$ cat structure.cif   # mmCIF, C-alpha atoms and all ligand atoms
data_final
#
loop_
_atom_site.label_atom_id
_atom_site.label_comp_id
_atom_site.auth_asym_id
_atom_site.auth_seq_id
_atom_site.Cartn_x
_atom_site.Cartn_y
_atom_site.Cartn_z
CA MET A 1 18.96 93.97 -60.66
CA ILE A 2 17.75 90.45 -59.98
CA ALA A 3 15.04 89.35 -57.52
CA THR A 4 15.34 86.07 -55.60
CA LEU A 5 11.93 85.14 -54.19
CA PHE A 6 12.13 82.02 -52.02
CA PHE A 7 8.77 80.97 -50.61
CA GLU A 8 10.38 77.66 -49.51
CA PRO A 9 13.65 76.87 -47.68
CA SER A 10 16.84 76.69 -49.73
CA THR A 11 20.60 76.68 -49.18
CA ARG A 12 22.34 75.77 -52.45
CA THR A 13 19.86 77.03 -54.98
CA ARG A 14 19.46 80.48 -53.47
CA LEU A 15 23.07 80.99 -52.40
CA SER A 16 24.54 79.71 -55.67
CA PHE A 17 22.17 81.97 -57.63
CA GLU A 18 23.13 84.91 -55.41
CA SER A 19 26.82 84.06 -55.73
CA ALA A 20 26.41 83.82 -59.53
CA ILE A 21 24.63 87.20 -59.63
CA SER A 22 27.33 88.88 -57.51
CA ARG A 23 30.17 87.33 -59.53
CA LEU A 24 28.60 88.78 -62.67
CA GLY A 25 28.44 92.22 -61.03
CA GLY A 26 24.67 92.16 -60.55
CA LYS A 27 22.60 93.37 -57.59
CA ILE A 28 20.02 91.41 -55.62
CA VAL A 29 16.66 92.18 -54.01
CA GLY A 30 14.45 89.54 -52.51
CA PHE A 31 13.53 87.37 -49.57
CA SER A 32 14.28 83.91 -48.23
CA ASP A 33 11.32 83.83 -45.88
CA ALA A 34 7.93 84.84 -47.24
CA SER A 35 6.53 85.26 -43.71
CA SER A 36 8.40 88.58 -43.50
CA THR A 37 6.59 89.88 -46.61
CA SER A 38 3.02 90.92 -47.47
CA VAL A 39 2.28 87.29 -48.27
CA SER A 40 1.65 87.00 -44.50
CA LYS A 41 -1.04 89.71 -44.90
CA GLY A 42 -2.76 87.68 -47.60
CA GLU A 43 -1.19 89.10 -50.76
CA THR A 44 -1.58 86.78 -53.75
CA LEU A 45 1.27 85.45 -55.90
CA ASN A 46 -0.23 87.41 -58.78
CA ASP A 47 0.16 90.72 -56.93
CA THR A 48 3.62 89.88 -55.58
CA ILE A 49 4.93 89.04 -59.07
CA ARG A 50 3.30 92.10 -60.69
CA THR A 51 4.96 94.30 -58.07
CA VAL A 52 8.42 92.71 -57.97
CA SER A 53 8.70 92.55 -61.76
CA ASN A 54 8.67 96.37 -61.66
CA TYR A 55 11.80 96.37 -59.51
CA CYS A 56 14.14 94.03 -61.41
CA ASP A 57 15.29 92.58 -64.73
CA LEU A 58 14.72 88.93 -63.83
CA ILE A 59 13.08 86.89 -61.07
CA VAL A 60 14.39 83.64 -59.55
CA MET A 61 11.49 82.02 -57.74
CA ARG A 62 10.95 78.94 -55.55
CA HIS A 63 7.38 78.20 -54.50
CA PRO A 64 5.56 75.21 -52.93
CA ILE A 65 2.76 75.06 -55.52
CA GLU A 66 3.23 72.98 -58.69
CA GLY A 67 2.85 75.19 -61.76
CA SER A 68 3.49 78.44 -59.84
CA ALA A 69 6.56 79.33 -61.92
CA ARG A 70 4.66 78.88 -65.18
CA PHE A 71 1.83 81.01 -63.78
CA ALA A 72 4.33 83.71 -62.74
CA SER A 73 5.92 83.68 -66.20
CA GLU A 74 2.52 84.40 -67.75
CA ILE A 75 1.98 87.58 -65.71
CA SER A 76 5.54 88.85 -65.23
CA SER A 77 7.07 91.54 -67.41
CA VAL A 78 10.55 90.06 -66.79
CA PRO A 79 11.85 86.47 -67.21
CA ILE A 80 11.14 83.97 -64.41
CA ILE A 81 13.60 81.22 -63.49
CA ASN A 82 11.89 78.29 -61.79
CA ALA A 83 14.05 77.46 -58.75
CA GLY A 84 11.66 74.62 -57.82
CA ASP A 85 7.85 74.48 -57.90
CA GLY A 86 6.54 72.04 -55.31
CA ALA A 87 6.96 68.40 -56.32
CA ASN A 88 6.91 69.32 -60.01
CA GLN A 89 10.19 70.49 -61.58
CA HIS A 90 13.61 71.99 -60.82
CA PRO A 91 15.14 72.86 -64.20
CA SER A 92 18.18 74.91 -63.10
CA GLN A 93 19.23 71.97 -60.90
CA THR A 94 18.96 69.77 -63.98
CA LEU A 95 21.32 71.99 -65.98
CA LEU A 96 23.95 71.69 -63.25
CA ASP A 97 23.29 67.94 -63.06
CA LEU A 98 23.81 67.62 -66.83
CA TYR A 99 27.02 69.62 -66.56
CA SER A 100 28.19 67.37 -63.70
CA ILE A 101 27.37 64.21 -65.69
CA LYS A 102 29.12 65.48 -68.83
CA LYS A 103 32.16 66.56 -66.82
CA THR A 104 32.53 63.20 -65.01
CA GLN A 105 31.50 60.81 -67.80
CA GLY A 106 32.87 62.74 -70.79
CA ARG A 107 29.51 62.40 -72.53
CA LEU A 108 25.76 62.48 -71.99
CA GLU A 109 24.90 59.74 -74.51
CA ASP A 110 23.97 56.14 -73.68
CA LEU A 111 24.38 56.25 -69.89
CA ASN A 112 22.76 54.04 -67.29
CA ILE A 113 21.22 56.38 -64.74
CA PHE A 114 20.05 55.12 -61.34
CA LEU A 115 17.52 57.44 -59.68
CA VAL A 116 17.15 56.44 -56.02
CA GLY A 117 14.79 57.49 -53.24
CA ASP A 118 11.73 59.72 -53.47
CA LEU A 119 10.79 59.58 -57.15
CA LYS A 120 7.22 60.66 -56.43
CA TYR A 121 7.76 64.03 -54.77
CA GLY A 122 11.39 64.68 -55.83
CA ARG A 123 11.31 67.51 -58.36
CA THR A 124 15.00 67.14 -59.24
CA VAL A 125 14.52 63.61 -60.58
CA HIS A 126 11.48 64.61 -62.65
CA SER A 127 13.41 67.33 -64.48
CA LEU A 128 16.60 65.25 -64.80
CA MET A 129 14.78 62.27 -66.24
CA MET A 130 13.07 64.39 -68.90
CA ALA A 131 16.36 66.06 -69.85
CA MET A 132 18.39 62.84 -69.99
CA SER A 133 15.78 61.30 -72.29
CA HIS A 134 17.36 63.37 -75.09
CA TRP A 135 20.59 61.32 -74.90
CA ASN A 136 19.32 57.75 -75.07
CA ALA A 137 19.65 57.08 -71.34
CA THR A 138 18.59 53.82 -69.72
CA PHE A 139 16.89 54.47 -66.38
CA ASN A 140 16.75 52.37 -63.25
CA PHE A 141 14.18 53.76 -60.85
CA ILE A 142 14.78 52.60 -57.27
CA SER A 143 12.13 53.57 -54.74
CA PRO A 144 9.71 52.09 -52.22
CA GLU A 145 6.26 51.27 -53.66
CA GLU A 146 4.82 54.41 -52.03
CA LEU A 147 7.30 56.73 -53.77
CA LYS A 148 7.44 55.37 -57.32
CA MET A 149 8.03 57.54 -60.38
CA PRO A 150 4.61 59.01 -61.31
CA GLU A 151 2.78 57.48 -64.27
CA GLU A 152 2.99 60.65 -66.41
CA TYR A 153 6.81 60.44 -66.49
CA LYS A 154 6.77 56.76 -67.42
CA ILE A 155 4.36 57.55 -70.27
CA TYR A 156 6.81 60.26 -71.37
CA LEU A 157 9.61 57.67 -71.56
CA ASP A 158 7.37 55.14 -73.34
CA ASN A 159 6.59 57.76 -75.97
CA ALA A 160 10.31 58.54 -76.34
CA GLY A 161 10.99 54.80 -76.82
CA LEU A 162 13.38 54.66 -73.85
CA LYS A 163 13.95 51.77 -71.44
CA TYR A 164 13.33 52.03 -67.73
CA TYR A 165 13.28 49.45 -64.98
CA GLU A 166 11.66 49.77 -61.56
CA HIS A 167 13.16 48.22 -58.44
CA THR A 168 12.75 48.40 -54.69
CA ASP A 169 16.42 47.46 -54.06
CA PHE A 170 19.59 48.04 -56.08
CA THR A 171 22.37 46.09 -54.39
CA ASP A 172 22.33 43.33 -57.07
CA ILE A 173 22.47 45.70 -60.05
CA ILE A 174 24.77 48.44 -58.73
CA SER A 175 27.65 47.36 -61.02
CA LYS A 176 25.64 48.54 -64.06
CA ALA A 177 25.36 52.18 -62.92
CA ASP A 178 27.19 55.09 -64.60
CA ILE A 179 25.46 57.60 -62.30
CA ILE A 180 23.76 56.93 -58.98
CA TYR A 181 21.55 59.92 -58.23
CA MET A 182 20.46 59.73 -54.59
CA THR A 183 17.56 61.82 -53.26
CA ARG A 184 16.07 62.77 -49.92
CA VAL A 185 12.58 61.62 -48.96
CA GLN A 186 10.64 64.90 -49.25
CA ARG A 187 9.16 65.07 -45.76
CA GLU A 188 7.44 68.42 -46.39
CA ARG A 189 5.26 66.92 -49.16
CA PHE A 190 3.68 64.19 -46.99
CA SER A 191 0.20 64.90 -45.64
CA ASP A 192 0.55 62.04 -43.09
CA PRO A 193 3.69 62.06 -40.88
CA ILE A 194 3.24 58.32 -40.18
CA GLU A 195 3.62 57.61 -43.91
CA TYR A 196 6.90 59.57 -43.86
CA GLU A 197 8.18 57.59 -40.85
CA LYS A 198 7.62 54.33 -42.76
CA VAL A 199 9.88 55.26 -45.69
CA LYS A 200 12.31 57.86 -44.33
CA ASN A 201 15.39 55.60 -44.02
CA VAL A 202 14.59 53.12 -46.76
CA TYR A 203 17.92 53.57 -48.61
CA VAL A 204 21.27 54.31 -47.03
CA LEU A 205 24.22 54.20 -49.43
CA ARG A 206 27.40 53.04 -47.63
CA ASN A 207 30.98 52.88 -48.79
CA SER A 208 31.02 49.07 -48.50
CA MET A 209 28.26 48.89 -51.17
CA LEU A 210 30.47 50.56 -53.78
CA LYS A 211 33.02 47.75 -54.22
CA ASN A 212 31.53 46.35 -57.42
CA THR A 213 30.74 49.65 -59.08
CA LYS A 214 32.37 50.90 -62.32
CA ALA A 215 35.58 52.91 -61.88
CA SER A 216 33.95 55.79 -63.78
CA MET A 217 30.69 55.70 -61.76
CA ARG A 218 29.87 58.89 -59.82
CA ILE A 219 27.39 59.51 -57.02
CA LEU A 220 25.29 62.64 -57.32
CA HIS A 221 22.81 64.14 -54.86
CA PRO A 222 21.09 67.54 -55.18
CA LEU A 223 21.49 67.87 -51.38
CA PRO A 224 20.50 68.35 -48.61
CA ARG A 225 21.12 64.75 -47.56
CA VAL A 226 19.48 63.41 -44.45
CA ASN A 227 20.52 59.76 -43.98
CA GLU A 228 20.53 58.42 -47.55
CA ILE A 229 24.30 58.71 -48.05
CA HIS A 230 26.40 57.63 -45.07
CA ILE A 231 29.28 60.01 -44.37
CA ASP A 232 31.72 57.14 -44.94
CA VAL A 233 31.01 57.61 -48.68
CA ASP A 234 32.28 61.22 -48.65
CA ALA A 235 35.97 60.28 -48.88
CA ASN A 236 35.39 57.88 -51.78
CA PRO A 237 36.55 59.44 -55.10
CA LYS A 238 33.21 58.33 -56.59
CA ALA A 239 31.35 60.81 -54.35
CA TYR A 240 30.74 63.92 -56.44
CA TYR A 241 27.90 65.78 -54.63
CA PHE A 242 29.91 68.67 -53.22
CA GLU A 243 31.61 69.36 -56.58
CA GLN A 244 28.13 69.09 -58.09
CA ALA A 245 26.99 71.90 -55.77
CA LEU A 246 29.95 74.02 -56.91
CA ASN A 247 28.96 73.42 -60.53
CA GLY A 248 25.69 75.16 -59.61
CA VAL A 249 27.45 78.51 -59.49
CA TYR A 250 28.95 78.16 -63.00
CA THR A 251 25.75 76.83 -64.48
CA ARG A 252 23.64 79.59 -62.94
CA GLN A 253 26.05 82.24 -64.18
CA ALA A 254 25.50 80.78 -67.67
CA ILE A 255 21.70 80.71 -67.25
CA LEU A 256 21.66 84.37 -66.14
CA CYS A 257 23.91 85.47 -69.03
CA SER A 258 21.78 83.61 -71.52
CA LEU A 259 18.52 85.17 -70.26
CA LEU A 260 19.93 88.69 -69.99
CA GLY A 261 21.75 88.56 -73.34
CA ILE A 262 25.21 88.94 -71.76
CA LYS A 263 28.05 87.54 -73.93
C1 LIG B 1 16.51 69.95 -53.85
C2 LIG B 1 15.18 70.70 -53.94
O1 LIG B 1 15.00 71.74 -53.32
O2 LIG B 1 14.35 70.19 -54.67
N1 LIG B 1 17.56 70.71 -53.37
C3 LIG B 1 18.23 71.57 -54.20
O3 LIG B 1 17.66 72.44 -54.79
N2 LIG B 1 19.55 71.37 -54.38
C4 LIG B 1 16.39 68.62 -53.25
C5 LIG B 1 15.78 68.45 -51.90
O4 LIG B 1 15.37 69.39 -51.25
O5 LIG B 1 15.74 67.30 -51.46
#
$ encode --input "structure.cif" --output "C-alpha cells" --more "lines below"
Ligand code: NCD
Amino acid sequence: MIATLFFEPSTRTRLSFESAISRLGGKIVGFSDASSTSVSKGETLNDTIRTVSNYCDLIVMRHPIEGSARFASEISSVPIINAGDGANQHPSQTLLDLYSIKKTQGRLEDLNIFLVGDLKYGRTVHSLMMAMSHWNATFNFISPEELKMPEEYKIYLDNAGLKYYEHTDFTDIISKADIIYMTRVQRERFSDPIEYEKVKNVYVLRNSMLKNTKASMRILHPLPRVNEIHIDVDANPKAYYFEQALNGVYTRQAILCSLLGIK
C-alpha cells in the first residue's frame, strides 16, 4: 500500500508514480488536492505524515515548502519519496532525466548540458545539475538575470571543480549542446505577478533554431511546457520530452522496488 500525497498540482509525477505502483501490483491511497483533506481544517504536516504513515508502506509526497520532504522523512515510520519540495529539489525527476540522457547519448560522462529558463525556482534543474556533476559535465546556464542559478549551486560546482558558463542567450552557442534542458518559468513561485510578466516568454525554442545542432543532441523538458518550446519542434527527431515522460514510469517502478526491497 503506497500513499501519494500531492499538496501541489501534478500530472506526470503523480500519474507516472500511480501507474508504476499499479503495474507492480501495488495499491494506492492518497490525494491530489489537499483542500479536500484536514489540511483545510488546519492540520499540520507533522500530524498528516504521522497519520498517513500508519496506513501505508511508503509515501510519495509533493509539497510547496522547501525542506518539507526531509522534515517528513524525519518523523515518518515509512520511507518518503520527495516528488518535489517547493523550489528546492525533485530527485525522482532527476533519475528519469539521467535515464533519458544515458539512453539517448549512450553515456553520462563528459556531456555539455544546457539548462534553459527558470534556474532560480526550477527544482528539476537544481537536482539534475547536482546529479550530473558526478560525470564531469560542462554546464551552460541560460536564464534572464532575474532567474539565474542560485549562488549555492554555483559554489557546489566550484567545489567539485566543474566548469559552468552563464548566458542570457544561447543562439550563438547552440551547436555545442549535447542536451538542451528547457524549463517553464515557475509562475507559482513569484510573489509579484508583474515580475512574472516581464520574464514569462523570454525563451521560445523553435525548429528553425535547431539547424546547427549536433545530430545526437536531444531536447528534454520535465513538462508542462507553456510557451518555451514551440509546437513546431515536436516533430523534430531531436525532441525527446514525451519519451522522457514515459521513462518516468520505468524509473519510478525501479525506485519503488529499490525502496521496498523487491527484486
Ligand atoms: C516539474 C515540477 O513539478 O517541478 N514538473 C514535473 O514534475 N515533471 C516542472 C514544472 O512544473 O515546471
$ residues_near_ligand --input "structure.cif" --ligand "ligand LIG 1 (chain B)" --cutoff "6 Å" --atoms "only C-alpha atoms and all ligand atoms" --output "PyMOL selection string"
chain A and resi 12-13+123-124+184+222-224
$ closest_residue --input "structure.cif" --among "A:Pro91, A:Gly25, A:Gly122, A:Gly161" --to "Thr138 (chain A)" --atoms "only C-alpha atoms"
A:Gly161
$ closest_residue --input "structure.cif" --among "A:Lys148, A:Arg218, A:Arg189, A:Arg225" --to "Gln105 (chain A)" --atoms "all atoms listed in the file"
A:Arg218
$ residues_around --input "structure.cif" --residues "region 149-152 of chain A" --least-positions-apart "6" --cutoff "9 Å" --atoms "only C-alpha atoms" --output "VMD selection string"
chain A and resid 118 to 121 125 to 126 141 to 143 166
$ residues_around --input "structure.cif" --residues "Ile255 (chain A)" --least-positions-apart "2" --cutoff "12 Å" --atoms "all atoms listed in the file" --output "ChimeraX atom specification"
/A:16-17,20-21,24,58,60,79-83,91-96,248-253,257-263
